[in-house]
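Colleague: One structure is given below, represented as structure tokens, and several questions about it will come after.
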Amino acid sequence: MEENNEKKPNTPRFSMNWIYIIIIVMLAVLFFTNTGGDAAGGEGGISKKENYFNFKQWVLKGAAKEVVINNDENELRMYVNPEFIQEVFQADVKQTGKNPFLEVEYGAVESLETFLDQAQKDGKFNGHVTFENEKSGDMVNLFFNVLSILFFVFIMLFFFRRMGGGGAGGVFNVGKSKAKMYEKGNDLGVTFRDVAGQIGAKEEVQEIVDFLKNPQKYTDLGGKIPKGALLVGPPGTGKTLLAKAVAGEAGVPFFSMSGSDFVEMFVGVGASRVRDLFRQAKEKAPCIIFIDEIDAVGRARSKNPSMGGNDERENTLNALLTEMDGFGTNSGVIIMAATNRADMLDSALLRAGRFDRQIHVDLPDLNERKEIFIVHLKPIKVDDSVDIDLLARQTPGFSGADIANVCNEAALIAARRQATTVCRQDFLDAVDRIIGGLEKKTKVMTAHEKRTIALHEAGHATISWFCEHANPLVKVSIVPRGNALGAAWYLPEERQITTKEEMLDEMCSLMGGRAAEELFTGHISTGAMNDLERATKSAYGMIAYAGMGEQLPNICYYNQDYQFQRPYSDTTAKVIDDEVLKMVNEQYDRAKKILMEHKEGHNALAELLISREVIFAEDVERIFGKRPWVSRSQEILQLEDTTEKTENTETSVSSENSENPENSGESAPTNL
């Protein structure tokens with residue numbers, strides 16, 4: 001018995017292939033049982049209605065091969081000899097088949113038998129006569145018809161059970177909620193200790209935990225327990241993890257489902273699932289309902305009455321609105337939802353009384369990134385060279401999911417080189433891999449292309465070195481990564497606001513690559529396409545949104561309510577275009593001027609790049625001397641051990657790209 005129990009997990013599971021096999025067998029049986037060749041044997045053929053007089057004439061001519069008489073219907077079938085097929089059917093054997101026959105209605109069977117007996121005596125008919133009973137054929141057809149109906153009923157029930165989630169009731173469960181319930185939130189095994197960073201967000205949701213644990217503390221003062229909290233933030237910042245932590249801290253039942261679980265192909269199913277979810281939640285109150293990616297069901301309803309006025313998604317949203325704050329009460333039921341597209345949600349869903357609080361879960365800052373690294377480094381075997389402070393500074397703009405990816409990628413890199421622990425270089429290589437892409441060591445470049453790329457990247461490095469507000473340089477590389485043929489890596493400052501001077505210096509640094517190409521090679525290439533794109537977007541943002549233009553000062557034309565038309569005239573658009581063109585070209589001329597002033601240093605930097613392919617900030621410092629302006633980020637960098645070149649990694653990328661305009665792109669975001 002023990003051996004049988006061990007083998008049970010290996011039993012084959014039901015497969016859709018069996019359904020296909022059954023269908024093929026059924027069709028084959030029906031095909032072969034309904035073919036035309038009966039008593040005559042062989043393959044079937046076409047049939048033709050004929051009167052009794054012509055039938056007798058064909059028999060007397062010798063065209064009859066066999067006669068099959070049906071007494072119940074007073075009909076007969078005369079199978080035609082092959083040599084008479086062309087004459088009888090006016091077609092060849094390929095068109096009629098090998099056993100074509102005539103269908104004939106006759107009167108009295110006695111006279112028919114007398115005629116056939118006489119024809120046989122006269123030698124006109126040499127075949128034989130058979131009789132068939134129609135009732136037996138009817139029984140066979142009835143059997144197969146009933147079997148076919150039962151088969152399709154089985155298929156329908158099978159699919160209905162699948163759509164209903166399996167379980168008892170089958171199709172009747174299709175309107176039931178698909179929420180996964182945890183009887184106690186502690187079963188999730190997640191608490192606030194597992195959520196690194198997000199101090200402000202945790203303080204907000206901590207009150208929800210207090211409401212669930214001790215509601216009387218607030219109701220005695222006349223307060224009401226909030227009905228809902230909406231977690232809003234970029235992807236990967238830990239919204240779902242924060243909701244699990246709330247349930248884990250409160251120790252109450254936790255219902256978890258995705259917004260897409262409400263959506264179904266059947267009409268009314270979404271609304272039914274909403275009602276069933278809240279019914280279950282009321283029975284378990286106090287509890288938490290968590291709806292992840294609520295924008296799938298809570299998207300703003302169409303304002304055009306002719307479009308989608310009664311579609312399934314809107315009915316589901318209406319049911320959700322009613323359950324959250326309708327005539328019914330959901331005492332003790334708190335709804336938490338998460339989305340990274342809050343601007344797409346319906347305004348009725350966001351009002352107070354439904355989602356009383358909107359909690360912003362933003363990208364982590366420097367200190368929060370340290371905490372996140374500490375959490376994700378716990379299961380990884382690291383050596384003493386790993387500096388968490390350095391890693392946190394090297395990853396501005398990274399979300400919690402990105403940091404988890406860095407730690408995992410570093411472990412994979414260490415395992416790939418057969419190491420027993422993960423060192424600092426593995427983490428820095430992981431950051432390079434995630435931001436810049438996989439290093440392509442096998443890409444073939446000509447000497448001319450390599451020199452052009454080196455001049456381009458040296459141009460970025462030179463301009464950023466002599467612009468006060470440009471991001472501090474970390475390293476420059478002409479080793480291809482991803483779609484980029486070269487890259488200059490910087491350490492951007494984490495600024496809460498950005499001044500016009502800072503944005504202009506960044507724009508000038510972006511134009512340094514194109515300016516170096518024009519000055520020192522005599523031509524320009526598609527490699528600067530993404531530089532130009534980022535500079536143009538930055539300029540349009542400064543003029544049209546930030547009010548930094550000379551002719552349009554202090555004016556912001558950004559308004560998300562203007563979906564189909566711009567909020568300014570064609571004349572103003574022309575002014576904006578002119579100002580953008582002027583601003584970009586001014587920075588381009590400024591970049592060329594700086595490059596000409598430091599021509600020798602730029603050329604030395606390019607030659608060093610060609611020979612070594614990767615250079616670091618200290619190499620640039622040896623050529624140009626100390627940077628005239630020392631930013632806060634550079635002061636931090638100077639505190640590090642400058643003898644370890646590889647401690648500097650990219651956090652934003654300015655790249656020389658291939659000549660395909662679609663693939664040309666630099667991965668550093670413009671700080672606007």
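Just remember, in the structure tokens the first chain shown is A, the second B, etc., residues are 1-based per chain, and ligands are 1-based in the order shown.
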Would you list the contacts of Asp362 (chain A) as a PyMOL selection string, taking every protein, DNA or RNA residue within 9 Å and counting only C-alpha atoms, but skipping same-chain residues closer than 4 positions in sequence?

Modeller: chain A and resi 198+201+232-234+237+399

Colleague: Using only C-alpha atoms, which residues sit within 9 Å of region 348-361 of chain A once same-chain residues fewer than 5 positions away are excluded, as number ranges by chain?

Modeller: A: 198, 200-201, 204-205, 226-234, 237-239, 298, 300, 317, 320-321, 324-325, 335-337, 342

Colleague: List the neighbours of region 587-602 of chain A out to 6 Å using only C-alpha atoms; skip same-chain residues closer than 2 positions along the sequence, and give me the result as a ChimeraX atom specification.

Modeller: /A:508,511-512,515,584-585,604-605

Colleague: With DSSP run on the backbone, what are the strand (DSSP E) residues within region 208-326 of chain A? I'd like them as a list in words.

Modeller: Gly228, Ala229, Leu230, Leu231, Val232, Phe254, Phe255, Ser256, Met257, Ser258, Cys287, Ile288, Ile289, Phe290, Ile291 and Asp292 of chain A

Colleague: Extract, using only C-alpha atoms, all DNA, RNA and protein residues at most 10 Å from Glu83 (chain A), discarding same-chain residues fewer than 4 positions from it, and format them as a list in words.

Modeller: Gly62, Ala63, Glu87, Val88, Asp92 and Val93 of chain A

Colleague: I'd like to know which residues of region 438-591 of chain A are alpha helix (DSSP H) (by DSSP, run on the backbone); could you write them as a PyMOL selection string?

Modeller: chain A and resi 447-466+500-510+512-521+529-540+570-591

Colleague: Do you know which residues are at most 12 Å from Gln95 (chain A) counting only C-alpha atoms, after dropping those on the same chain fewer than 5 positions away, and could you put them as a list of chain:residue names?

Modeller: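 Near Gln95 (chain A), the qualifying residues are A:Gly44, A:Gly45, A:Ile46, A:Ser47, A:Ile85, A:Gln86, A:Phe89, A:Gln90, A:Pro100.
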
Colleague: Write out as an NGL selection string each polymer residue whose atoms come within 8 Å of Glu607 (chain A), counting only C-alpha atoms; drop sequence neighbours fewer than 4 positions from it.

Modeller: :A and (454 or 603 or 611)

Colleague: Please measure the separation of CA of Ala539 (chain A) and CA of Met583 (chain A), giving the value in Å to one decimal.

Modeller: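 Between CA of Ala539 (chain A) and CA of Met583 (chain A) the gap is 7.0 Å.
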
Colleague: Work out how far apart CA of Ile453 (chain A) and CA of Arg622 (chain A) are and give it in Å to one decimal.

Modeller: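 CA of Arg622 (chain A) lies 21.4 Å from CA of Ile453 (chain A).
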
Colleague: Could you jot down the CA of Pro567 (chain A) to CA of Arg301 (chain A) separation for me, Å, one decimal place?

Modeller: 23.7 Å

Colleague: Using only C-alpha atoms, pick whichever of A:Cys407, A:Glu493, A:Lys94, A:His456 has the shortest atom-to-atom distance to His523 (chain A).

Modeller: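 Smallest distance to His523 (chain A) is found for A:His456.
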